[in-house]
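Participant: What follows is a structure written as structure tokens; I'll ask about it next.
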Amino acid sequence: MNERQFADRIGNIDDQLIEGARYRRRGAGGLRRLLAAAAVAALMAVSFTAGALASGQEAPAETIELPDIGLTLILPDSWKGLYDVEVDGGVTWVYVKSIREKDPNWGGTLFYVDRSYDRPMTPEELYDISPVPCRYLFSTEKGTYSMNYASDVQWNTEDPEQEELYHRMNMECSQIRFLVDDVLSND
Amino acid sequence: MEDKQIIDLYWERAEDAIRETSAKYGRLCQYIAQNILSSPEDSEECVNDTWLGLWNAIPPQRPNHFSAFIGKIVRNLALKRFDYLTAAKRSRETVCSLEELGDCVSGKPSVEDELENQRVEEAIDRFLWTLGETKRTVFIRRYWYFDSISSICRRTGFSQSKVKSMLYHTRQKLRDYLESEGIEL
């Protein structure tokens with residue numbers, strides 16, 4: 001058997017194996033999943049005003065406000081001075097500042113926030129169909145919003161400092177918290 | 001729309017079936033095709049061919065796992081297109097993935113035999129189910145979805161050396177397992 005024939009055999013493996021290997025949301029935590037689902041339920045009742053996550057933490061040092069969609073991202077304190085934000089056509093890009101400044105070709109993008117689908121979805125529906133790793137934020141009647149992580153190399157692969165910084169911040173993305181406020185009036 | 005409803009549309013021969021499939025699984029198909037072909041144009045054509053393939057396959061089929069069913073079609077079509085592309089246009093990542101699979105087989109083309117193929121596929125299934133979830137996912141991402149090593153690293157948080165080592169040992173184990181099952185490699 002040659003490699004190509006073997007690839008065909010692998011191509012016909014059990015459907016459950018294939019679906020089981022679909023990437024799910026990183027840092028999947030029961031609390032966040034529950035709260036995201038709660039946000040959907042609140043939407044169905046057309047009455048939620050705030051709090052996809054409101055955990056009573058200390059005041060955050062770093063936040064990104066997205067007033068158009070009523071979203072606030074609460075970043076890890078350690079990100080202070082290390083990131084920058086770019087808004088382009090309804091998409092908010094968050095990237096590693098030093099990578100973008102030093103080596104614009106590599107982007108440094110950590111994630112972007114946008115309305116990924118023009119229909120309301122549950123977290124499970126989103127994770128089932130999203131081909132890129134993402135985190136469900138919330139749904140409205142008109143769409144589903146998510147944080148979508150970069151899916152290709154975003155740092156200069158010949159610069160170990162860039163790589164280390166990017167990996168650290170990339171790992172810390174799972175610590176980002178978010179608040180949703182008065183989203184229906186902005187939809 | 002739920003998968004079952006989309007499949008019903010195919011059975012009703014409603015053209016909305018393709019529109020709904022494209023809306024729900026277009027990105028997934030594009031992702032798989034792009035991984036294999038590394039060309040947006042070729043990938044798009046491949047995805048369009050996938051819709052036609054689905055239209056022809058349903059009915060008579062009624063898949064239980066619709067996303068995997070679609071994925072198999074787009075993967076097969078992309079690999080066929082990959083075979084036809086000149087060496088210069090081939091995706092380096094796909095070539096690497098296929099070369100790695102050389103660890104599991106002799107490399108000599110075998111006569112296609114449907115029953116034997118099925119036996120090999122069932123053995124691969126059994127082997128993969130014996131693996132832990134992480135190793136299984138990494139293996140399938142690399143050799144079914146044709147994800148790059150760096151992509152797997154980003155999504156799992158593992159280092160390149162860890163992913164490569166994991167894949168290497170899994171390939172060796174798979175070869176041993178298939179040989180123990182009496183499969184001629």
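The chains in the structure tokens are called A, B, ... from first to last as shown; in each chain the residues are counted from 1, and the ligands are counted from 1 in the order shown.
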Run DSSP on the backbone of this structure and report the residues of range 74-129 of chain A it assigns to strand (DSSP E), as a ChimeraX atom specification.

Facilitator: /A:74-75,83-88,91-96,109-117

Participant: Within 7 Å of chain B, which residues belong to chain A? Use only C-alpha atoms and report them as a VMD selection string.

Facilitator: chain A and resid 1 to 4 9 to 15 18 to 19 21 129 to 131 151 to 152

Participant: Which residue is closest to Asp147 in chain B? Choose from A:Asp181, A:Val132, A:Asn156, A:Asp103 and count only C-alpha atoms.

Facilitator: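 Selected residue with least distance to Asp147 in chain B: A:Val132.
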
Participant: Give the answer as one residue: which of A:Thr157, A:Ser78, A:Ser98, A:Ser116 has the shortest atom-to-atom distance to Ser139 in chain A, using only C-alpha atoms?

Facilitator: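 The shortest atom-to-atom distance to Ser139 in chain A comes from A:Ser116.
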
Participant: Please list as a list in words every residue within 9 Å of Leu73 in chain A, counting only C-alpha atoms and excluding residues in the same chain fewer than 4 positions away.

Facilitator: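 Near Leu73 in chain A, the qualifying residues are Glu62, Thr63, Ile64, Glu65, Leu66, Ile176, Arg177, Phe178, Leu179 and Val180 of chain A.
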
Participant: Which value, in Å to one decimal, gives the distance between CA of Arg19 in chain B and CA of Tyr136 in chain A?

Facilitator: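 One can read the CA of Arg19 in chain B to CA of Tyr136 in chain A distance as 24.2 Å.
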
Participant: Once DSSP has gone over the backbone, tell me which residues of range 115-177 of chain A are in helix (DSSP H, G or I), as a ChimeraX atom specification.

Facilitator: /A:123-129,160-175

Participant: With only C-alpha atoms as the atoms that count, which of B:Cys96, B:Thr170, B:Lys89, B:Ser161 lies nearest to Gly132 in chain B?

Facilitator: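 Checking each of B:Cys96, B:Thr170, B:Lys89, B:Ser161 against Gly132 in chain B, counting only C-alpha atoms, the winner is B:Thr170.
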
Participant: Take CA of Glu161 in chain A and CA of Val96 in chain A and report the distance between them in Å, one decimal.

Facilitator: 12.2 Å

Participant: Glu15 in chain B: which residues within 12 Å, counting only C-alpha atoms, same-chain residues fewer than 4 positions away excluded, as number ranges by chain?

Facilitator: B: 6-11, 19-22, 51-52, 54-55

Participant: Please list as number ranges by chain every residue within 10 Å of Arg81 in chain B, counting only C-alpha atoms and excluding residues in the same chain fewer than 2 positions away.

Facilitator: B: 33, 36-37, 42-43, 45-46, 75-79, 83-85, 90
